[in-house]
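Student: Just dropping this structure here.
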Amino acid sequence: MPYPLQKNAKNFPSVVSILQYLIRANSVTPNDAGTIAYLAHQLSQLDFNIEVMESNGVKNLIAHRQFGQGSTFAYSGHVDVVPATAEGWLVEPFSGDIIDGVIYGRGAADMKGSVAAMLNATKAFCKSNQAKYGTFFWLITSDEEGEATDGSVLIAEYLRQNGISLDACLVGEPTSHKQVGDTIKNGRRGAISGRFTVHGKSGHVAYPEFALNAAHIAGKLVTQLSNLEWTKDVPGSKTTLQVTGLTVPDIVDNLVPAICEVTFNVRYSHGYKSHDICQRLADIAQNMEGDIKINWERPCESFYTGKKSDNCFLSLIENVISEELGQYPSLSTAGGTSDGRFFASEQTQVIECGVKNETIHQVNEHVAIADLLAIERIYKRILFKYLG
């Protein structure tokens, strides 16, 4: 092999061996592959109270330690990963092998690297002699990369049922661009998919006056969808609608189609909620020819964390990164969805901060050891400032 491959981490910082252990667990959604038990054991050694919830093959970890009166802070993360085959990889995708100071493996960036860094930061914080205040939660699921029906949504419901209100939640999703800490997410656009089924009237193509072409109606519908304006958008958080499919079943070249399906996805600004999107598109369909039915799929609500005048978690993280990097991070709400949506509320400030996201879900997903150490330092500063 033309690369200096190092399979073990004996000569590397402890966070590297933690990450290698996590990567070597083949935890494709919803299987946690032992990682929940591993984290539960590690946190129990730090005097965290441990609870593991199971639902439909998903394991969720809720761990907490109360230091005294003060704010309630949570770290939210996931141990599940998307599938990977060996084709195209420099190393085995579940090996965690190291090449030139870079750890390769599925989940290295999304988001086992963050989990490893937070675990080390938590150890440093809990073992320090500094005075500590408030309550510290770890909220970990093995159902983030899938449908997310048995993961963080159930954790959030558990918190509500037990009267637990989070003041701040740090989500360890990979958010950085060119260097660790240069970009954080203070919200996410919402997402919803849908399917228009256009019903017209079939007929012979030579006599279109006796038919109602569902494909023609669908074409007009697509034009209207593509020309929509979204007036509630704000800079940095724009709503986009993409048509993902236009289908006529059982095509015959001399038959006017009676049915045509239009599939689409909307990624919407935090100025909207899913019911706003549904109502607007339903109004468009109602004013078209023919009979148009809409089915909605996979709704994920938007969320946004702005500045607060008191105990502002966003400002704290901005200042921590400024101290670490010498510059403030960019704020973003772009990208896909995250489990942060389940915890965000008027009470709970949710911020996402993690390693670089350039290789997530890709062949040769990786994280540099230097980046892993950088996010560990950032996490330590956050803990010592927010709970210290």
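Every chain in the structure tokens takes a letter, A first, then B, and so on in the order presented; its residues are numbered from 1, and the ligands are numbered from 1 following the presented order.
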Counting only C-alpha atoms, what are the residues of stretch 10-65 of chain A within 8 Å of stretch 138-155 of chain A, and for each of them which pair of atoms is the nearest and at what distance in Å, to one decimal? Sort the table by chain and rising number, as CSV.
Tutor:
residue,atom,partner,partner_atom,distance
A:Ser27,CA,A:Ser142,CA,7.8
A:Thr29,CA,A:Asp143,CA,5.9
A:Pro30,CA,A:Asp143,CA,5.3
A:Asn31,CA,A:Ser142,CA,6.5
A:Asp32,CA,A:Ser142,CA,5.5
A:Ile36,CA,A:Ile140,CA,7.7
A:Ser55,CA,A:Asp150,CA,5.9
A:Asn56,CA,A:Asp150,CA,7.0
A:Val58,CA,A:Ser142,CA,5.7
A:Lys59,CA,A:Ser142,CA,5.8
A:Asn60,CA,A:Thr141,CA,4.4
A:Leu61,CA,A:Ile140,CA,5.0
A:Ile62,CA,A:Leu139,CA,5.0
A:Ala63,CA,A:Trp138,CA,5.0
A:His64,CA,A:Trp138,CA,6.2
Student: With C-alpha atoms retained, write the just-selected residues as a tab-separated table (two decimals), in the first residue's frame.
Tutor:
chain	number	residue	atom	x	y	z
A	27	SER	CA	-23.74	0.55	13.64
A	29	THR	CA	-29.26	2.34	11.43
A	30	PRO	CA	-30.95	1.22	13.66
A	31	ASN	CA	-28.28	-1.11	15.07
A	32	ASP	CA	-26.10	0.57	17.71
A	36	ILE	CA	-24.78	2.75	23.47
A	55	SER	CA	-38.06	0.98	20.55
A	56	ASN	CA	-38.33	-1.07	17.35
A	58	VAL	CA	-33.46	1.44	18.26
A	59	LYS	CA	-31.52	2.17	21.43
A	60	ASN	CA	-31.56	5.62	23.00
A	61	LEU	CA	-29.28	6.76	25.80
A	62	ILE	CA	-30.42	9.36	28.33
A	63	ALA	CA	-27.66	10.10	30.82
A	64	HIS	CA	-27.49	13.01	33.22
Student: Write out as an MDAnalysis selection string which residues come within 9 Å of stretch 277-281 of chain A when counting only C-alpha atoms, dropping same-chain ones fewer than 4 positions away.
Tutor: chainID A and resid 192 225 266 268 272:273 285:286 294 296
Student: For the residues in that selection, give me C-alpha atoms as a PDB file, in the first residue's frame.
Tutor:
ATOM      1  CA  ILE A 192     -41.284  18.086   3.530  1.00  0.00           C
ATOM      2  CA  LEU A 225     -44.383  25.454  -8.441  1.00  0.00           C
ATOM      3  CA  VAL A 266     -39.514  21.621  -0.182  1.00  0.00           C
ATOM      4  CA  TYR A 268     -38.183  25.857   3.825  1.00  0.00           C
ATOM      5  CA  TYR A 272     -42.487  28.931   7.710  1.00  0.00           C
ATOM      6  CA  LYS A 273     -43.864  25.832   9.372  1.00  0.00           C
ATOM      7  CA  ALA A 285     -53.722  22.516  -6.714  1.00  0.00           C
ATOM      8  CA  GLN A 286     -57.280  23.583  -5.992  1.00  0.00           C
ATOM      9  CA  ILE A 294     -51.835  15.585  -2.465  1.00  0.00           C
ATOM     10  CA  TRP A 296     -47.433  14.447   2.226  1.00  0.00           C
TER      11      TRP A 296
END
Student: Please identify every residue of stretch 275-377 of chain A that has at least one atom no farther than 9 Å from an atom of stretch 158-169 of chain A, counting only C-alpha atoms, and for each give the shortest atom pair and the distance in Å to one decimal, arranged by chain then increasing number, as a tab-separated table.
Tutor:
residue	atom	partner	partner_atom	distance
A:Asn311	CA	A:Asp167	CA	8.9
A:Cys312	CA	A:Ala168	CA	8.9
A:Phe313	CA	A:Ala168	CA	6.4
A:Gly340	CA	A:Cys169	CA	7.9
A:Phe343	CA	A:Cys169	CA	7.4
A:Ala344	CA	A:Cys169	CA	8.1
A:Gln347	CA	A:Asp167	CA	6.0
A:Thr348	CA	A:Asp167	CA	4.6
A:Gln349	CA	A:Ala168	CA	4.7
A:Val350	CA	A:Cys169	CA	4.8
A:Ile351	CA	A:Cys169	CA	6.4
A:Glu352	CA	A:Cys169	CA	8.4
Student: Emit the selected residues as a short mmCIF file (atom, residue, chain, number, x, y, z; two decimals), in the first residue's frame, including C-alpha atoms.
Tutor:
data_model
loop_
_atom_site.label_atom_id
_atom_site.label_comp_id
_atom_site.auth_asym_id
_atom_site.auth_seq_id
_atom_site.Cartn_x
_atom_site.Cartn_y
_atom_site.Cartn_z
CA ASN A 311 -27.69 33.46 29.23
CA CYS A 312 -27.26 33.39 25.45
CA PHE A 313 -25.87 30.03 24.34
CA GLY A 340 -31.99 19.50 16.79
CA PHE A 343 -35.34 19.83 21.14
CA ALA A 344 -35.64 23.40 19.85
CA GLN A 347 -36.95 27.84 26.05
CA THR A 348 -34.24 25.70 24.46
CA GLN A 349 -31.43 27.25 22.43
CA VAL A 350 -30.11 24.67 19.95
CA ILE A 351 -26.74 25.10 18.25
CA GLU A 352 -24.94 22.61 16.02
#
Student: What's around A:Lys385 at 10 Å? Count only C-alpha atoms, leave out sequence neighbours fewer than 5 positions away in its own chain, and write the answer as a ChimeraX atom specification.
Tutor: /A:132,316-317,320,379-380
Student: Grab the residues selected above and save them as a short mmCIF file (atom, residue, chain, number, x, y, z; two decimals), in the first residue's frame with C-alpha atoms.
Tutor:
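Writing the result to part02.cif gives the following:
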data_model
loop_
_atom_site.label_atom_id
_atom_site.label_comp_id
_atom_site.auth_asym_id
_atom_site.auth_seq_id
_atom_site.Cartn_x
_atom_site.Cartn_y
_atom_site.Cartn_z
CA LYS A 132 -19.73 23.20 38.57
CA LEU A 316 -21.22 31.80 24.32
CA ILE A 317 -20.30 29.45 21.48
CA VAL A 320 -15.56 30.21 22.58
CA TYR A 379 -16.28 21.34 23.51
CA LYS A 380 -14.17 21.66 26.67
#
Student: Determine, counting only C-alpha atoms, which protein, DNA and RNA residues have an atom within 12 Å of an atom of A:Glu324; residues of the same chain fewer than 3 positions away are not included. Present the result as a PDB file with N, CA, C and O atoms, in the first residue's frame.
Tutor:
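File written: part_16.pdb
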ATOM      1  N   GLN A 179     -12.208  24.962   8.099  1.00  0.00           N
ATOM      2  CA  GLN A 179     -11.515  24.593   9.320  1.00  0.00           C
ATOM      3  C   GLN A 179     -12.541  24.415  10.431  1.00  0.00           C
ATOM      4  O   GLN A 179     -13.635  24.996  10.389  1.00  0.00           O
ATOM      5  N   VAL A 180     -12.199  23.590  11.402  1.00  0.00           N
ATOM      6  CA  VAL A 180     -13.140  23.288  12.472  1.00  0.00           C
ATOM      7  C   VAL A 180     -13.514  24.549  13.227  1.00  0.00           C
ATOM      8  O   VAL A 180     -12.646  25.308  13.670  1.00  0.00           O
ATOM      9  N   GLY A 181     -14.811  24.784  13.335  1.00  0.00           N
ATOM     10  CA  GLY A 181     -15.310  25.939  14.066  1.00  0.00           C
ATOM     11  C   GLY A 181     -15.623  27.136  13.202  1.00  0.00           C
ATOM     12  O   GLY A 181     -16.163  28.126  13.706  1.00  0.00           O
ATOM     13  N   ASP A 182     -15.328  27.061  11.894  1.00  0.00           N
ATOM     14  CA  ASP A 182     -15.568  28.247  11.065  1.00  0.00           C
ATOM     15  C   ASP A 182     -17.044  28.456  10.754  1.00  0.00           C
ATOM     16  O   ASP A 182     -17.453  29.556  10.383  1.00  0.00           O
ATOM     17  N   ILE A 317     -21.053  30.270  22.438  1.00  0.00           N
ATOM     18  CA  ILE A 317     -20.304  29.453  21.482  1.00  0.00           C
ATOM     19  C   ILE A 317     -19.514  30.331  20.512  1.00  0.00           C
ATOM     20  O   ILE A 317     -18.371  30.012  20.161  1.00  0.00           O
ATOM     21  N   GLU A 318     -20.105  31.428  20.073  1.00  0.00           N
ATOM     22  CA  GLU A 318     -19.364  32.353  19.213  1.00  0.00           C
ATOM     23  C   GLU A 318     -18.089  32.821  19.900  1.00  0.00           C
ATOM     24  O   GLU A 318     -17.011  32.875  19.289  1.00  0.00           O
ATOM     25  N   ASN A 319     -18.200  33.168  21.171  1.00  0.00           N
ATOM     26  CA  ASN A 319     -17.034  33.658  21.907  1.00  0.00           C
ATOM     27  C   ASN A 319     -16.004  32.556  22.128  1.00  0.00           C
ATOM     28  O   ASN A 319     -14.795  32.802  22.048  1.00  0.00           O
ATOM     29  N   VAL A 320     -16.477  31.345  22.409  1.00  0.00           N
ATOM     30  CA  VAL A 320     -15.562  30.210  22.584  1.00  0.00           C
ATOM     31  C   VAL A 320     -14.753  29.980  21.312  1.00  0.00           C
ATOM     32  O   VAL A 320     -13.525  29.808  21.353  1.00  0.00           O
ATOM     33  N   ILE A 321     -15.417  29.989  20.176  1.00  0.00           N
ATOM     34  CA  ILE A 321     -14.717  29.748  18.914  1.00  0.00           C
ATOM     35  C   ILE A 321     -13.783  30.902  18.581  1.00  0.00           C
ATOM     36  O   ILE A 321     -12.681  30.693  18.058  1.00  0.00           O
ATOM     37  N   GLN A 327     -11.244  34.118  15.403  1.00  0.00           N
ATOM     38  CA  GLN A 327     -12.289  34.698  14.559  1.00  0.00           C
ATOM     39  C   GLN A 327     -13.625  34.074  14.918  1.00  0.00           C
ATOM     40  O   GLN A 327     -13.694  32.954  15.425  1.00  0.00           O
ATOM     41  N   TYR A 328     -14.693  34.838  14.655  1.00  0.00           N
ATOM     42  CA  TYR A 328     -16.024  34.343  14.970  1.00  0.00           C
ATOM     43  C   TYR A 328     -16.507  33.418  13.850  1.00  0.00           C
ATOM     44  O   TYR A 328     -16.143  33.583  12.692  1.00  0.00           O
ATOM     45  N   PRO A 329     -17.360  32.455  14.193  1.00  0.00           N
ATOM     46  CA  PRO A 329     -17.861  31.530  13.164  1.00  0.00           C
ATOM     47  C   PRO A 329     -18.953  32.177  12.321  1.00  0.00           C
ATOM     48  O   PRO A 329     -19.635  33.104  12.757  1.00  0.00           O
ATOM     49  N   LEU A 373      -8.936  16.970  17.619  1.00  0.00           N
ATOM     50  CA  LEU A 373      -8.423  17.660  18.802  1.00  0.00           C
ATOM     51  C   LEU A 373      -8.975  19.080  18.895  1.00  0.00           C
ATOM     52  O   LEU A 373      -9.243  19.585  19.991  1.00  0.00           O
ATOM     53  N   ALA A 374      -9.177  19.710  17.744  1.00  0.00           N
ATOM     54  CA  ALA A 374      -9.716  21.075  17.741  1.00  0.00           C
ATOM     55  C   ALA A 374     -11.147  21.103  18.263  1.00  0.00           C
ATOM     56  O   ALA A 374     -11.507  21.969  19.076  1.00  0.00           O
ATOM     57  N   ILE A 375     -11.987  20.159  17.818  1.00  0.00           N
ATOM     58  CA  ILE A 375     -13.375  20.165  18.288  1.00  0.00           C
ATOM     59  C   ILE A 375     -13.432  19.738  19.753  1.00  0.00           C
ATOM     60  O   ILE A 375     -14.291  20.208  20.513  1.00  0.00           O
ATOM     61  N   GLU A 376     -12.507  18.898  20.181  1.00  0.00           N
ATOM     62  CA  GLU A 376     -12.452  18.539  21.608  1.00  0.00           C
ATOM     63  C   GLU A 376     -12.149  19.774  22.456  1.00  0.00           C
ATOM     64  O   GLU A 376     -12.782  19.989  23.506  1.00  0.00           O
ATOM     65  N   ARG A 377     -11.216  20.608  22.008  1.00  0.00           N
ATOM     66  CA  ARG A 377     -10.891  21.832  22.753  1.00  0.00           C
ATOM     67  C   ARG A 377     -12.094  22.773  22.812  1.00  0.00           C
ATOM     68  O   ARG A 377     -12.377  23.386  23.848  1.00  0.00           O
ATOM     69  N   ILE A 378     -12.810  22.889  21.687  1.00  0.00           N
ATOM     70  CA  ILE A 378     -14.001  23.748  21.648  1.00  0.00           C
ATOM     71  C   ILE A 378     -15.063  23.227  22.610  1.00  0.00           C
ATOM     72  O   ILE A 378     -15.663  23.999  23.371  1.00  0.00           O
ATOM     73  N   TYR A 379     -15.285  21.926  22.612  1.00  0.00           N
ATOM     74  CA  TYR A 379     -16.284  21.341  23.510  1.00  0.00           C
ATOM     75  C   TYR A 379     -15.894  21.565  24.975  1.00  0.00           C
ATOM     76  O   TYR A 379     -16.759  21.840  25.823  1.00  0.00           O
ATOM     77  N   LYS A 380     -14.612  21.416  25.293  1.00  0.00           N
ATOM     78  CA  LYS A 380     -14.166  21.660  26.670  1.00  0.00           C
ATOM     79  C   LYS A 380     -14.468  23.090  27.093  1.00  0.00           C
ATOM     80  O   LYS A 380     -14.992  23.334  28.188  1.00  0.00           O
ATOM     81  N   ARG A 381     -14.152  24.026  26.224  1.00  0.00           N
ATOM     82  CA  ARG A 381     -14.395  25.436  26.557  1.00  0.00           C
ATOM     83  C   ARG A 381     -15.897  25.683  26.788  1.00  0.00           C
ATOM     84  O   ARG A 381     -16.271  26.426  27.702  1.00  0.00           O
ATOM     85  N   ILE A 382     -16.727  25.058  25.959  1.00  0.00           N
ATOM     86  CA  ILE A 382     -18.178  25.246  26.107  1.00  0.00           C
ATOM     87  C   ILE A 382     -18.635  24.716  27.463  1.00  0.00           C
ATOM     88  O   ILE A 382     -19.393  25.390  28.184  1.00  0.00           O
TER      89      ILE A 382
END
Student: Could you check which of A:Val28, A:Ala84, A:Val16, A:Ile292 is closest to A:Asp97, using only C-alpha atoms?
Tutor: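 For A:Asp97, the nearest of the given residues is A:Val16.
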Student: So that I can check the surroundings of A:Phe136, please list as number ranges by chain every protein, DNA and RNA residue that reaches within 7 Å of it, counting only C-alpha atoms and ignoring chain neighbours fewer than 2 positions away.
Tutor: A: 64-66, 72-74, 134, 138
Student: Fewer than 5 positions away in the same chain doesn't count, so skip those; otherwise give me all residues within 10 Å of A:Asn254, counting only C-alpha atoms, as a list of chain:residue names.
Tutor: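 Close residues of A:Asn254: A:Gly203, A:His204, A:Val205, A:Ala206.
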Student: Write out as a short mmCIF file (atom, residue, chain, number, x, y, z; two decimals) with all heavy atoms, in the first residue's frame which residues come within 8 Å of A:Asn213 when counting only C-alpha atoms, dropping same-chain ones fewer than 6 positions away.
Tutor:
data_model
loop_
_atom_site.label_atom_id
_atom_site.label_comp_id
_atom_site.auth_asym_id
_atom_site.auth_seq_id
_atom_site.Cartn_x
_atom_site.Cartn_y
_atom_site.Cartn_z
N GLY A 200 -57.04 13.31 -14.83
CA GLY A 200 -57.73 13.92 -15.96
C GLY A 200 -58.74 12.95 -16.54
O GLY A 200 -59.43 12.24 -15.80
N LYS A 201 -58.78 12.89 -17.86
CA LYS A 201 -59.68 11.96 -18.55
C LYS A 201 -58.95 11.40 -19.75
O LYS A 201 -58.40 12.16 -20.56
CB LYS A 201 -60.96 12.68 -18.99
CG LYS A 201 -61.97 11.77 -19.68
CD LYS A 201 -63.20 12.56 -20.09
CE LYS A 201 -64.19 11.66 -20.83
NZ LYS A 201 -65.39 12.43 -21.29
N SER A 202 -58.91 10.10 -19.86
CA SER A 202 -58.19 9.48 -20.98
C SER A 202 -58.99 9.60 -22.27
O SER A 202 -60.21 9.84 -22.26
CB SER A 202 -57.92 8.01 -20.67
OG SER A 202 -59.12 7.29 -20.56
N VAL A 256 -54.22 9.59 -24.53
CA VAL A 256 -54.09 10.74 -23.63
C VAL A 256 -54.11 10.21 -22.19
O VAL A 256 -55.05 9.51 -21.81
CB VAL A 256 -55.24 11.74 -23.84
CG1 VAL A 256 -55.19 12.85 -22.79
CG2 VAL A 256 -55.19 12.32 -25.24
N PRO A 257 -53.09 10.52 -21.38
CA PRO A 257 -53.02 9.96 -20.04
C PRO A 257 -54.07 10.56 -19.11
O PRO A 257 -54.29 11.78 -19.10
CB PRO A 257 -51.61 10.29 -19.57
CG PRO A 257 -51.23 11.50 -20.36
CD PRO A 257 -51.89 11.34 -21.70
N ALA A 258 -54.67 9.69 -18.32
CA ALA A 258 -55.66 10.13 -17.34
C ALA A 258 -55.04 10.43 -15.99
O ALA A 258 -55.64 11.11 -15.16
CB ALA A 258 -56.74 9.06 -17.18
#
